[in-house]
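Following: one structure in structure tokens, then a few remarks.
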Amino acid sequence: MYNILYIPTRYFPAISGAEFYIQSMAEILNLKHHYGIHVYTSTAIDFKALREPRGRSIKLGEKYYDTVNNLKITRFPVKYNISLEEKLKLIKKEVSYKDLELSDECLIEYLRNGPYLENLLENMARSTNISFDLIHTSFFPYFNTILTLMLGKLTNKPTVITPFFHFSNPRYLNKNYFEALQKFDKIIACTHLEKKILNETLGIPEVKIKVISMGVDYKKFILPRKPSPKRFSFKQKYFKPNEKKYRMVLFCGYKNYEKGALSILKAIPYILKKYRKVYFVFIGPSTIAFNRELSKIQKAIHPRVINLTPDNLTGYYDVKKIAAFNETDVFLMPSRSDAYGIAFLEAWASGKPVIGANIGATPEVIRDKVDGLLVGFDNYIDIADKVVLLLKKKRLSKNLGLEGRNKVQESHSWDIIAKKTHETYQELILKQGG
């Protein structure tokens, strides 16, 4: 049995796509491919906690601290009250870091992003016989990237990263980030376009990059055709009694500019001019910018908006979320910051048409006019027109959704993704052993 160490930035109960990907791989590889799985991660729950104490973090003794679905999770507290200069001094003393031959500029950028896990560094320094066969991290460009490389040097074990490289977002194009990616033994790209950017723009050898797309447990999203009295109904719960036959547009993700949530809010007045009987449902962590924009349109036009946050849910497969995907008419996530977009797969698993932005990796994920529609990023007129089109053209919506469902069932189950990951691990471990 081989032992794999995962070092994600966060882990459940943090439930964004990158975290859920690592959790899915860890659980399936342990259960079906018999790997010994270890997870080292931070105590952070939200992004803010990676850098500052005002964020949400797991406290010692809380539920989910030690074990998640029978896997032991070792969580290290993020240390905040330490200067950048002191961090630099401590890390540069480590032999495993010196062997990486990274520039100070690279290290500084990763330290700024956090999380700084001093206890993990101390554990690494004390460890002389760590029995891992491979170390896998996600996602870039956070400090766990550097920690993974350091531990790989310390143990002479292969390192893997799934960077979720948001190459269409200027914030991720800082050249100082790219040095660290060069040092990994294998990079798992979500799309062929991401691989092309990594190879041609960053100069990473093609042989180092493996394309493995994202997955979905599509059976979770397929509900029995015949409703039962016990089944949760999203519209029954949240729509007004005389409006339960109104249509529904769903967004699920981080409610910020990058994910397209603000663009959707700006599109709502234009949608309502052409289609009045519709609810807009937002599920995911809120931001100040989103709340401000939502308040503005609610005062102006009083749209039917249902706004749920992780506090309203009880896990990744919460019944409210599953019901929302099953009862929506359109799934809308016009993001420029997705290396893939697992939520598109969840919408297709539910048989729903999707709308994404014609930017970054999304045009490879969504086949325009085949299983969804593409819009200009932050083009709220285009967003409004495509939403209205799908609300009015029911046959088109149904065909797009069914095409997406077929694609998901044929090639995007988590079991398929885990098998490809297992094969990649085996190749690296056997090469290292040889």
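Each chain in the structure tokens gets a letter, A, B, ..., in the order shown, and its residues are numbered from 1; ligands are numbered from 1 in order too.
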Determine, counting only C-alpha atoms, which protein, DNA and RNA residues have an atom within 8 Å of an atom of Ser263 of chain A; residues of the same chain fewer than 3 positions away are not included. Present the result as a PDB file with C-alpha atoms, in the first residue's frame.
ATOM      1  CA  TYR A 257     -16.725  40.183  -9.435  1.00  0.00           C
ATOM      2  CA  GLY A 260     -19.574  36.954 -12.311  1.00  0.00           C
ATOM      3  CA  LYS A 266     -26.440  44.160 -13.087  1.00  0.00           C
ATOM      4  CA  ALA A 267     -28.210  41.943 -15.646  1.00  0.00           C
ATOM      5  CA  PRO A 334     -20.224  33.895 -15.990  1.00  0.00           C
ATOM      6  CA  ASP A 378     -18.991  41.201 -17.335  1.00  0.00           C
ATOM      7  CA  ASN A 379     -21.249  41.888 -20.317  1.00  0.00           C
ATOM      8  CA  TYR A 380     -24.541  42.097 -18.456  1.00  0.00           C
TER       9      TYR A 380
END
inquiry  = Give me, as number ranges by chain, all polymer residues having an atom no more than 12 Å from Asp66 of chain A, counting only C-alpha atoms and skipping those fewer than 2 positions away in the same chain.
reply    = A: 11-13, 38-41, 43, 58-64, 68-76
task = Go through A:Leu308, A:Ile4, A:Ile22, A:Val211 one by one, measure the shortest atom-to-atom distance of each to Lys186 of chain A using only C-alpha atoms, and give the residue with the smallest value.
result =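 For Lys186 of chain A, the nearest of the candidates is A:Val211.
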message = Taking 4 positions as the minimum chain separation for residues in the same chain, which residues sit within 8 Å of Tyr21 of chain A when counting only C-alpha atoms? Answer as a ChimeraX atom specification.
response = /A:17,25,214-215
inquiry  = Env of Met333 of chain A: 7 Å cut, atoms = only C-alpha atoms, seq-sep filter 4 positions within chain, self excluded. Answer as JSON, numbers by chain.
reply    = {"A": [251, 259, 260, 355, 356]}
inquiry  = Using only C-alpha atoms, can you tell me which of A:Asp104, A:Asp329, A:Asp385, A:Asp217 comes closest to Pro269 of chain A?
reply    =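 Checking each candidate against Pro269 of chain A, we get A:Asp385 as the closest.
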Give the strand (DSSP E or B) residues of segment 190-306 of chain A, as assigned by DSSP on the backbone, as a PDB file with N, CA and C atoms, in the first residue's frame.
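New file part-v9.pdb:
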ATOM      1  N   ILE A 209       3.294  17.859 -17.532  1.00  0.00           N
ATOM      2  CA  ILE A 209       1.900  18.284 -17.365  1.00  0.00           C
ATOM      3  C   ILE A 209       0.948  17.178 -17.814  1.00  0.00           C
ATOM      4  N   LYS A 210       0.022  16.836 -16.942  1.00  0.00           N
ATOM      5  CA  LYS A 210      -1.002  15.829 -17.236  1.00  0.00           C
ATOM      6  C   LYS A 210      -2.381  16.494 -17.160  1.00  0.00           C
ATOM      7  N   VAL A 211      -3.198  16.308 -18.187  1.00  0.00           N
ATOM      8  CA  VAL A 211      -4.545  16.882 -18.175  1.00  0.00           C
ATOM      9  C   VAL A 211      -5.523  15.875 -17.583  1.00  0.00           C
ATOM     10  N   VAL A 216     -17.720  14.915 -10.818  1.00  0.00           N
ATOM     11  CA  VAL A 216     -18.929  15.156 -10.053  1.00  0.00           C
ATOM     12  C   VAL A 216     -19.525  13.805  -9.663  1.00  0.00           C
ATOM     13  N   ARG A 247     -40.226  30.796 -12.938  1.00  0.00           N
ATOM     14  CA  ARG A 247     -38.951  30.212 -13.373  1.00  0.00           C
ATOM     15  C   ARG A 247     -37.838  30.596 -12.399  1.00  0.00           C
ATOM     16  N   MET A 248     -36.679  29.958 -12.581  1.00  0.00           N
ATOM     17  CA  MET A 248     -35.595  30.130 -11.613  1.00  0.00           C
ATOM     18  C   MET A 248     -34.249  30.163 -12.335  1.00  0.00           C
ATOM     19  N   VAL A 249     -33.398  31.104 -11.923  1.00  0.00           N
ATOM     20  CA  VAL A 249     -32.021  31.215 -12.404  1.00  0.00           C
ATOM     21  C   VAL A 249     -31.107  31.060 -11.199  1.00  0.00           C
ATOM     22  N   LEU A 250     -30.133  30.138 -11.289  1.00  0.00           N
ATOM     23  CA  LEU A 250     -29.288  29.793 -10.149  1.00  0.00           C
ATOM     24  C   LEU A 250     -27.825  30.153 -10.400  1.00  0.00           C
ATOM     25  N   PHE A 251     -27.212  30.742  -9.378  1.00  0.00           N
ATOM     26  CA  PHE A 251     -25.756  30.936  -9.326  1.00  0.00           C
ATOM     27  C   PHE A 251     -25.259  30.236  -8.068  1.00  0.00           C
ATOM     28  N   CYS A 252     -24.128  29.504  -8.175  1.00  0.00           N
ATOM     29  CA  CYS A 252     -23.548  28.840  -7.012  1.00  0.00           C
ATOM     30  C   CYS A 252     -22.038  29.039  -7.048  1.00  0.00           C
ATOM     31  N   VAL A 278     -39.717  35.383 -12.638  1.00  0.00           N
ATOM     32  CA  VAL A 278     -38.489  34.629 -12.424  1.00  0.00           C
ATOM     33  C   VAL A 278     -37.865  34.994 -11.084  1.00  0.00           C
ATOM     34  N   TYR A 279     -37.328  33.984 -10.408  1.00  0.00           N
ATOM     35  CA  TYR A 279     -36.556  34.162  -9.181  1.00  0.00           C
ATOM     36  C   TYR A 279     -35.071  34.000  -9.505  1.00  0.00           C
ATOM     37  N   PHE A 280     -34.241  34.730  -8.765  1.00  0.00           N
ATOM     38  CA  PHE A 280     -32.785  34.624  -8.894  1.00  0.00           C
ATOM     39  C   PHE A 280     -32.237  34.098  -7.568  1.00  0.00           C
ATOM     40  N   VAL A 281     -31.542  32.971  -7.640  1.00  0.00           N
ATOM     41  CA  VAL A 281     -31.046  32.310  -6.437  1.00  0.00           C
ATOM     42  C   VAL A 281     -29.520  32.337  -6.449  1.00  0.00           C
ATOM     43  N   PHE A 282     -28.938  32.826  -5.363  1.00  0.00           N
ATOM     44  CA  PHE A 282     -27.491  32.867  -5.200  1.00  0.00           C
ATOM     45  C   PHE A 282     -27.110  32.002  -3.998  1.00  0.00           C
ATOM     46  N   ILE A 283     -26.198  31.050  -4.226  1.00  0.00           N
ATOM     47  CA  ILE A 283     -25.711  30.191  -3.148  1.00  0.00           C
ATOM     48  C   ILE A 283     -24.186  30.306  -3.077  1.00  0.00           C
ATOM     49  N   VAL A 305     -35.106  37.821  -5.214  1.00  0.00           N
ATOM     50  CA  VAL A 305     -33.761  37.289  -5.017  1.00  0.00           C
ATOM     51  C   VAL A 305     -33.715  36.483  -3.727  1.00  0.00           C
ATOM     52  N   ILE A 306     -33.210  35.260  -3.814  1.00  0.00           N
ATOM     53  CA  ILE A 306     -32.970  34.410  -2.639  1.00  0.00           C
ATOM     54  C   ILE A 306     -31.461  34.270  -2.501  1.00  0.00           C
TER      55      ILE A 306
END
key: All helix (DSSP H, G or I) positions in segment 157-265 of chain A, as a VMD selection string   = chain A and resid 170 to 172 175 to 182 192 to 201 206 to 208 218 to 221 234 to 238 241 to 243 261 to 265
Any chance you can output those residues with C-alpha atoms as a PDB file, in the first residue's frame?
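The result, written out as result_22.pdb:
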ATOM      1  CA  PRO A 170      -4.394  39.251 -14.126  1.00  0.00           C
ATOM      2  CA  ARG A 171      -3.803  38.681 -10.397  1.00  0.00           C
ATOM      3  CA  TYR A 172      -2.421  35.209 -11.142  1.00  0.00           C
ATOM      4  CA  LYS A 175       5.929  36.057 -12.829  1.00  0.00           C
ATOM      5  CA  ASN A 176       7.311  35.461  -9.328  1.00  0.00           C
ATOM      6  CA  TYR A 177       4.623  32.810  -8.798  1.00  0.00           C
ATOM      7  CA  PHE A 178       5.809  30.716 -11.714  1.00  0.00           C
ATOM      8  CA  GLU A 179       9.210  29.759 -10.302  1.00  0.00           C
ATOM      9  CA  ALA A 180       7.662  27.360  -7.813  1.00  0.00           C
ATOM     10  CA  LEU A 181       5.545  25.570 -10.431  1.00  0.00           C
ATOM     11  CA  GLN A 182       8.722  24.717 -12.354  1.00  0.00           C
ATOM     12  CA  HIS A 192      -5.824  21.338 -22.445  1.00  0.00           C
ATOM     13  CA  LEU A 193      -5.878  25.133 -22.623  1.00  0.00           C
ATOM     14  CA  GLU A 194      -4.398  25.350 -19.124  1.00  0.00           C
ATOM     15  CA  LYS A 195      -1.711  22.877 -20.217  1.00  0.00           C
ATOM     16  CA  LYS A 196      -0.938  25.007 -23.262  1.00  0.00           C
ATOM     17  CA  ILE A 197      -0.527  28.134 -21.129  1.00  0.00           C
ATOM     18  CA  LEU A 198       1.674  26.303 -18.622  1.00  0.00           C
ATOM     19  CA  ASN A 199       3.831  24.954 -21.434  1.00  0.00           C
ATOM     20  CA  GLU A 200       4.051  27.838 -23.891  1.00  0.00           C
ATOM     21  CA  THR A 201       3.817  30.846 -21.572  1.00  0.00           C
ATOM     22  CA  GLU A 206       4.986  19.329 -21.718  1.00  0.00           C
ATOM     23  CA  VAL A 207       6.039  15.970 -20.260  1.00  0.00           C
ATOM     24  CA  LYS A 208       5.556  17.389 -16.759  1.00  0.00           C
ATOM     25  CA  TYR A 218     -23.726  12.853 -10.578  1.00  0.00           C
ATOM     26  CA  LYS A 219     -25.903  10.292  -8.765  1.00  0.00           C
ATOM     27  CA  LYS A 220     -26.250  12.778  -5.883  1.00  0.00           C
ATOM     28  CA  PHE A 221     -28.007  15.172  -8.255  1.00  0.00           C
ATOM     29  CA  PHE A 234     -36.655  24.507  -2.910  1.00  0.00           C
ATOM     30  CA  LYS A 235     -39.558  26.390  -4.468  1.00  0.00           C
ATOM     31  CA  GLN A 236     -41.949  25.164  -1.797  1.00  0.00           C
ATOM     32  CA  LYS A 237     -39.606  26.506   0.883  1.00  0.00           C
ATOM     33  CA  TYR A 238     -38.494  29.820  -0.611  1.00  0.00           C
ATOM     34  CA  PRO A 241     -47.228  30.517  -2.326  1.00  0.00           C
ATOM     35  CA  ASN A 242     -48.759  31.969  -5.501  1.00  0.00           C
ATOM     36  CA  GLU A 243     -45.404  32.038  -7.360  1.00  0.00           C
ATOM     37  CA  ALA A 261     -22.020  37.375  -9.420  1.00  0.00           C
ATOM     38  CA  LEU A 262     -21.935  41.178  -9.656  1.00  0.00           C
ATOM     39  CA  SER A 263     -22.503  40.985 -13.417  1.00  0.00           C
ATOM     40  CA  ILE A 264     -25.599  38.864 -12.805  1.00  0.00           C
ATOM     41  CA  LEU A 265     -26.997  41.491 -10.432  1.00  0.00           C
TER      42      LEU A 265
END
Shell of 9 Å around Ala44 of chain A, only C-alpha atoms, local chain residues under 5 positions omitted, as a PDB file with N, CA and C atoms, in the first residue's frame:
ATOM      1  N   THR A   9      -4.704  23.927   0.771  1.00  0.00           N
ATOM      2  CA  THR A   9      -4.774  25.189   1.507  1.00  0.00           C
ATOM      3  C   THR A   9      -5.774  25.100   2.652  1.00  0.00           C
ATOM      4  N   ARG A  10      -6.948  24.528   2.345  1.00  0.00           N
ATOM      5  CA  ARG A  10      -8.006  24.325   3.333  1.00  0.00           C
ATOM      6  C   ARG A  10      -8.618  22.947   3.086  1.00  0.00           C
ATOM      7  N   TYR A  11      -9.476  22.518   3.994  1.00  0.00           N
ATOM      8  CA  TYR A  11     -10.156  21.232   3.832  1.00  0.00           C
ATOM      9  C   TYR A  11     -11.538  21.374   4.456  1.00  0.00           C
ATOM     10  N   ALA A  14     -14.419  23.771   4.778  1.00  0.00           N
ATOM     11  CA  ALA A  14     -14.288  24.667   3.624  1.00  0.00           C
ATOM     12  C   ALA A  14     -14.735  23.875   2.394  1.00  0.00           C
ATOM     13  N   ALA A  49      -9.136  33.962   6.440  1.00  0.00           N
ATOM     14  CA  ALA A  49      -8.396  33.336   7.537  1.00  0.00           C
ATOM     15  C   ALA A  49      -7.021  32.836   7.114  1.00  0.00           C
ATOM     16  N   LEU A  50      -6.761  32.759   5.821  1.00  0.00           N
ATOM     17  CA  LEU A  50      -5.433  32.353   5.358  1.00  0.00           C
ATOM     18  C   LEU A  50      -4.390  33.418   5.676  1.00  0.00           C
ATOM     19  N   GLY A  55     -10.697  36.195   9.854  1.00  0.00           N
ATOM     20  CA  GLY A  55     -11.394  35.181   9.078  1.00  0.00           C
ATOM     21  C   GLY A  55     -11.947  34.064   9.943  1.00  0.00           C
ATOM     22  N   ARG A  56     -12.712  33.166   9.331  1.00  0.00           N
ATOM     23  CA  ARG A  56     -13.313  32.032  10.035  1.00  0.00           C
ATOM     24  C   ARG A  56     -12.339  30.867  10.055  1.00  0.00           C
ATOM     25  N   SER A  57     -12.116  30.324  11.241  1.00  0.00           N
ATOM     26  CA  SER A  57     -11.191  29.206  11.407  1.00  0.00           C
ATOM     27  C   SER A  57     -11.795  28.139  12.303  1.00  0.00           C
ATOM     28  N   ILE A  58     -11.305  26.930  12.156  1.00  0.00           N
ATOM     29  CA  ILE A  58     -11.674  25.842  13.057  1.00  0.00           C
ATOM     30  C   ILE A  58     -10.890  26.001  14.348  1.00  0.00           C
ATOM     31  N   ARG A  75      -4.655  19.422  11.200  1.00  0.00           N
ATOM     32  CA  ARG A  75      -4.822  20.855  10.893  1.00  0.00           C
ATOM     33  C   ARG A  75      -3.821  21.668  11.706  1.00  0.00           C
ATOM     34  N   PRO A  77      -2.604  25.469  12.914  1.00  0.00           N
ATOM     35  CA  PRO A  77      -3.101  26.846  13.028  1.00  0.00           C
ATOM     36  C   PRO A  77      -2.254  27.812  12.210  1.00  0.00           C
ATOM     37  N   VAL A  78      -2.909  28.789  11.631  1.00  0.00           N
ATOM     38  CA  VAL A  78      -2.209  29.835  10.882  1.00  0.00           C
ATOM     39  C   VAL A  78      -1.623  30.825  11.881  1.00  0.00           C
ATOM     40  N   PRO A 115      -1.286  30.342   3.669  1.00  0.00           N
ATOM     41  CA  PRO A 115      -1.239  30.467   5.130  1.00  0.00           C
ATOM     42  C   PRO A 115       0.147  30.099   5.681  1.00  0.00           C
TER      43      PRO A 115
END
ask   = What's the 10 Å shell around Arg336 of chain A, counting only C-alpha atoms, without same-chain residues fewer than 3 positions away, as a ChimeraX atom specification?
value = /A:166-169,257-260,333,339,356-362,376-378
Keeping only N, CA and C atoms, write those residues as a PDB file, in the first residue's frame.
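In the end it all went to out20.pdb:
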ATOM      1  N   HIS A 166      -5.794  30.161 -12.785  1.00  0.00           N
ATOM      2  CA  HIS A 166      -6.780  31.091 -13.353  1.00  0.00           C
ATOM      3  C   HIS A 166      -6.059  32.074 -14.276  1.00  0.00           C
ATOM      4  N   PHE A 167      -5.638  31.592 -15.415  1.00  0.00           N
ATOM      5  CA  PHE A 167      -4.752  32.378 -16.270  1.00  0.00           C
ATOM      6  C   PHE A 167      -5.432  33.574 -16.922  1.00  0.00           C
ATOM      7  N   SER A 168      -6.755  33.634 -16.884  1.00  0.00           N
ATOM      8  CA  SER A 168      -7.451  34.797 -17.440  1.00  0.00           C
ATOM      9  C   SER A 168      -7.626  35.913 -16.416  1.00  0.00           C
ATOM     10  N   ASN A 169      -7.180  35.661 -15.177  1.00  0.00           N
ATOM     11  CA  ASN A 169      -7.247  36.666 -14.114  1.00  0.00           C
ATOM     12  C   ASN A 169      -5.862  37.293 -13.948  1.00  0.00           C
ATOM     13  N   TYR A 257     -16.831  39.725  -8.046  1.00  0.00           N
ATOM     14  CA  TYR A 257     -16.725  40.183  -9.435  1.00  0.00           C
ATOM     15  C   TYR A 257     -16.148  39.088 -10.319  1.00  0.00           C
ATOM     16  N   GLU A 258     -15.099  38.402  -9.835  1.00  0.00           N
ATOM     17  CA  GLU A 258     -14.403  37.404 -10.637  1.00  0.00           C
ATOM     18  C   GLU A 258     -15.328  36.258 -11.047  1.00  0.00           C
ATOM     19  N   LYS A 259     -16.194  35.843 -10.167  1.00  0.00           N
ATOM     20  CA  LYS A 259     -17.107  34.736 -10.458  1.00  0.00           C
ATOM     21  C   LYS A 259     -18.312  35.162 -11.296  1.00  0.00           C
ATOM     22  N   GLY A 260     -18.466  36.469 -11.501  1.00  0.00           N
ATOM     23  CA  GLY A 260     -19.574  36.954 -12.311  1.00  0.00           C
ATOM     24  C   GLY A 260     -20.836  37.255 -11.545  1.00  0.00           C
ATOM     25  N   MET A 333     -23.125  31.052 -14.313  1.00  0.00           N
ATOM     26  CA  MET A 333     -21.890  31.393 -13.602  1.00  0.00           C
ATOM     27  C   MET A 333     -20.893  31.983 -14.617  1.00  0.00           C
ATOM     28  N   ALA A 339     -10.593  27.580 -13.241  1.00  0.00           N
ATOM     29  CA  ALA A 339      -9.724  26.687 -14.004  1.00  0.00           C
ATOM     30  C   ALA A 339     -10.566  25.592 -14.653  1.00  0.00           C
ATOM     31  N   GLY A 356     -21.862  30.237 -19.204  1.00  0.00           N
ATOM     32  CA  GLY A 356     -20.567  30.632 -18.664  1.00  0.00           C
ATOM     33  C   GLY A 356     -19.956  31.714 -19.530  1.00  0.00           C
ATOM     34  N   ALA A 357     -18.847  32.277 -19.060  1.00  0.00           N
ATOM     35  CA  ALA A 357     -18.195  33.366 -19.774  1.00  0.00           C
ATOM     36  C   ALA A 357     -17.233  32.820 -20.833  1.00  0.00           C
ATOM     37  N   ASN A 358     -17.180  33.499 -21.951  1.00  0.00           N
ATOM     38  CA  ASN A 358     -16.319  33.109 -23.071  1.00  0.00           C
ATOM     39  C   ASN A 358     -14.898  33.615 -22.826  1.00  0.00           C
ATOM     40  N   ILE A 359     -14.263  33.069 -21.791  1.00  0.00           N
ATOM     41  CA  ILE A 359     -12.936  33.525 -21.384  1.00  0.00           C
ATOM     42  C   ILE A 359     -12.240  32.400 -20.625  1.00  0.00           C
ATOM     43  N   GLY A 360     -10.910  32.424 -20.610  1.00  0.00           N
ATOM     44  CA  GLY A 360     -10.162  31.434 -19.852  1.00  0.00           C
ATOM     45  C   GLY A 360     -10.421  30.025 -20.346  1.00  0.00           C
ATOM     46  N   ALA A 361     -10.579  29.089 -19.401  1.00  0.00           N
ATOM     47  CA  ALA A 361     -10.772  27.678 -19.747  1.00  0.00           C
ATOM     48  C   ALA A 361     -12.225  27.331 -20.052  1.00  0.00           C
ATOM     49  N   THR A 362     -13.158  28.214 -19.743  1.00  0.00           N
ATOM     50  CA  THR A 362     -14.581  27.881 -19.852  1.00  0.00           C
ATOM     51  C   THR A 362     -15.015  27.465 -21.251  1.00  0.00           C
ATOM     52  N   GLY A 376     -20.072  37.190 -23.000  1.00  0.00           N
ATOM     53  CA  GLY A 376     -18.906  38.010 -22.717  1.00  0.00           C
ATOM     54  C   GLY A 376     -18.764  38.221 -21.219  1.00  0.00           C
ATOM     55  N   PHE A 377     -17.532  38.130 -20.708  1.00  0.00           N
ATOM     56  CA  PHE A 377     -17.329  38.355 -19.278  1.00  0.00           C
ATOM     57  C   PHE A 377     -17.717  39.787 -18.920  1.00  0.00           C
ATOM     58  N   ASP A 378     -18.509  39.920 -17.851  1.00  0.00           N
ATOM     59  CA  ASP A 378     -18.991  41.201 -17.335  1.00  0.00           C
ATOM     60  C   ASP A 378     -19.834  41.965 -18.351  1.00  0.00           C
TER      61      ASP A 378
END
note = Among A:Ala18, A:Ala289, A:Ile82, A:Val370, Asn406 of chain A is approached most closely, using only C-alpha atoms, by A:Val370
key: Long-range neighbours of Leu151 of chain A as a PyMOL selection string, 12 Å cut-off, only C-alpha atoms, 6 positions minimum in chain   = chain A and resi 5-7+40+94-97+99-100+120-137+144-145+157-160+184
Deliver the residues from the most recent selection as a file, using N, CA and C atoms, as a JSON list (two decimals), in the first residue's frame.
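What follows is the written file result_11.json:
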[["chain", "number", "residue", "atom", "x", "y", "z"],
["A", 5, "LEU", "N", 0.41, 11.96, 0.86],
["A", 5, "LEU", "CA", 0.19, 13.12, 1.71],
["A", 5, "LEU", "C", -0.42, 14.23, 0.88],
["A", 6, "TYR", "N", -1.58, 14.70, 1.29],
["A", 6, "TYR", "CA", -2.20, 15.87, 0.66],
["A", 6, "TYR", "C", -1.94, 17.09, 1.53],
["A", 7, "ILE", "N", -1.57, 18.20, 0.89],
["A", 7, "ILE", "CA", -1.38, 19.46, 1.61],
["A", 7, "ILE", "C", -2.21, 20.55, 0.92],
["A", 40, "TYR", "N", -2.55, 17.14, 5.56],
["A", 40, "TYR", "CA", -2.05, 18.27, 6.35],
["A", 40, "TYR", "C", -2.65, 19.53, 5.77],
["A", 94, "GLU", "N", 16.12, 26.82, 6.46],
["A", 94, "GLU", "CA", 15.83, 25.40, 6.24],
["A", 94, "GLU", "C", 16.60, 24.87, 5.04],
["A", 95, "VAL", "N", 17.30, 23.77, 5.23],
["A", 95, "VAL", "CA", 18.06, 23.16, 4.14],
["A", 95, "VAL", "C", 17.15, 22.76, 2.98],
["A", 96, "SER", "N", 15.96, 22.24, 3.32],
["A", 96, "SER", "CA", 15.03, 21.81, 2.27],
["A", 96, "SER", "C", 14.57, 22.98, 1.40],
["A", 97, "TYR", "N", 14.55, 24.19, 1.98],
["A", 97, "TYR", "CA", 14.20, 25.36, 1.18],
["A", 97, "TYR", "C", 15.39, 25.79, 0.31],
["A", 99, "ASP", "N", 17.62, 24.03, -0.99],
["A", 99, "ASP", "CA", 17.76, 23.11, -2.12],
["A", 99, "ASP", "C", 16.82, 23.43, -3.28],
["A", 100, "LEU", "N", 15.75, 24.20, -3.00],
["A", 100, "LEU", "CA", 14.80, 24.55, -4.06],
["A", 100, "LEU", "C", 15.35, 25.62, -5.00],
["A", 120, "LEU", "N", 3.71, 23.30, 11.16],
["A", 120, "LEU", "CA", 4.04, 22.34, 10.11],
["A", 120, "LEU", "C", 5.52, 22.45, 9.76],
["A", 121, "LEU", "N", 6.04, 23.67, 9.72],
["A", 121, "LEU", "CA", 7.47, 23.86, 9.47],
["A", 121, "LEU", "C", 8.31, 23.19, 10.55],
["A", 122, "GLU", "N", 7.88, 23.35, 11.80],
["A", 122, "GLU", "CA", 8.62, 22.73, 12.91],
["A", 122, "GLU", "C", 8.57, 21.21, 12.82],
["A", 123, "ASN", "N", 7.40, 20.66, 12.45],
["A", 123, "ASN", "CA", 7.27, 19.21, 12.28],
["A", 123, "ASN", "C", 8.20, 18.69, 11.19],
["A", 124, "MET", "N", 8.28, 19.47, 10.10],
["A", 124, "MET", "CA", 9.16, 19.09, 9.00],
["A", 124, "MET", "C", 10.61, 19.05, 9.45],
["A", 125, "ALA", "N", 11.00, 20.05, 10.22],
["A", 125, "ALA", "CA", 12.39, 20.14, 10.67],
["A", 125, "ALA", "C", 12.77, 18.97, 11.57],
["A", 126, "ARG", "N", 11.79, 18.48, 12.35],
["A", 126, "ARG", "CA", 12.07, 17.38, 13.29],
["A", 126, "ARG", "C", 11.98, 16.01, 12.64],
["A", 127, "SER", "N", 11.32, 15.95, 11.48],
["A", 127, "SER", "CA", 11.05, 14.65, 10.86],
["A", 127, "SER", "C", 12.29, 14.12, 10.14],
["A", 128, "THR", "N", 12.68, 12.92, 10.48],
["A", 128, "THR", "CA", 13.82, 12.30, 9.81],
["A", 128, "THR", "C", 13.42, 11.05, 9.03],
["A", 129, "ASN", "N", 12.21, 10.53, 9.30],
["A", 129, "ASN", "CA", 11.78, 9.31, 8.62],
["A", 129, "ASN", "C", 10.28, 9.40, 8.32],
["A", 130, "ILE", "N", 9.94, 10.24, 7.34],
["A", 130, "ILE", "CA", 8.54, 10.44, 6.98],
["A", 130, "ILE", "C", 8.17, 9.42, 5.91],
["A", 131, "SER", "N", 7.14, 8.62, 6.15],
["A", 131, "SER", "CA", 6.83, 7.49, 5.27],
["A", 131, "SER", "C", 5.73, 7.80, 4.26],
["A", 132, "PHE", "N", 5.91, 8.87, 3.49],
["A", 132, "PHE", "CA", 5.00, 9.16, 2.39],
["A", 132, "PHE", "C", 5.69, 8.77, 1.08],
["A", 133, "ASP", "N", 4.89, 8.29, 0.12],
["A", 133, "ASP", "CA", 5.44, 7.92, -1.17],
["A", 133, "ASP", "C", 5.28, 9.03, -2.21],
["A", 134, "LEU", "N", 4.36, 9.97, -1.94],
["A", 134, "LEU", "CA", 4.11, 11.07, -2.87],
["A", 134, "LEU", "C", 3.37, 12.17, -2.13],
["A", 135, "ILE", "N", 3.61, 13.42, -2.53],
["A", 135, "ILE", "CA", 2.96, 14.57, -1.88],
["A", 135, "ILE", "C", 2.24, 15.39, -2.95],
["A", 136, "HIS", "N", 0.97, 15.70, -2.69],
["A", 136, "HIS", "CA", 0.11, 16.37, -3.66],
["A", 136, "HIS", "C", -0.52, 17.60, -3.00],
["A", 137, "THR", "N", -0.45, 18.73, -3.66],
["A", 137, "THR", "CA", -1.03, 19.96, -3.13],
["A", 137, "THR", "C", -1.92, 20.64, -4.15],
["A", 144, "ASN", "N", 1.21, 26.85, 0.86],
["A", 144, "ASN", "CA", 1.32, 25.39, 0.92],
["A", 144, "ASN", "C", 2.04, 24.83, -0.31],
["A", 145, "THR", "N", 2.08, 25.61, -1.39],
["A", 145, "THR", "CA", 2.86, 25.23, -2.57],
["A", 145, "THR", "C", 4.33, 25.08, -2.21],
["A", 157, "LYS", "N", 10.78, 12.61, -2.18],
["A", 157, "LYS", "CA", 9.59, 12.00, -2.74],
["A", 157, "LYS", "C", 9.02, 12.89, -3.83],
["A", 158, "PRO", "N", 8.33, 12.32, -4.82],
["A", 158, "PRO", "CA", 7.76, 13.12, -5.90],
["A", 158, "PRO", "C", 6.66, 14.06, -5.41],
["A", 159, "THR", "N", 6.59, 15.21, -6.03],
["A", 159, "THR", "CA", 5.59, 16.23, -5.67],
["A", 159, "THR", "C", 4.68, 16.51, -6.86],
["A", 160, "VAL", "N", 3.39, 16.70, -6.55],
["A", 160, "VAL", "CA", 2.37, 16.95, -7.56],
["A", 160, "VAL", "C", 1.57, 18.18, -7.14],
["A", 184, "PHE", "N", 7.93, 21.30, -9.53],
["A", 184, "PHE", "CA", 7.13, 20.10, -9.26],
["A", 184, "PHE", "C", 7.46, 18.99, -10.26]]
message = I'd like to know which of A:Tyr80, A:Tyr275, A:Phe140, A:Phe232 is closest to Tyr116 of chain A, using only C-alpha atoms.
response =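 Of all the options, A:Tyr80 lies closest to Tyr116 of chain A.
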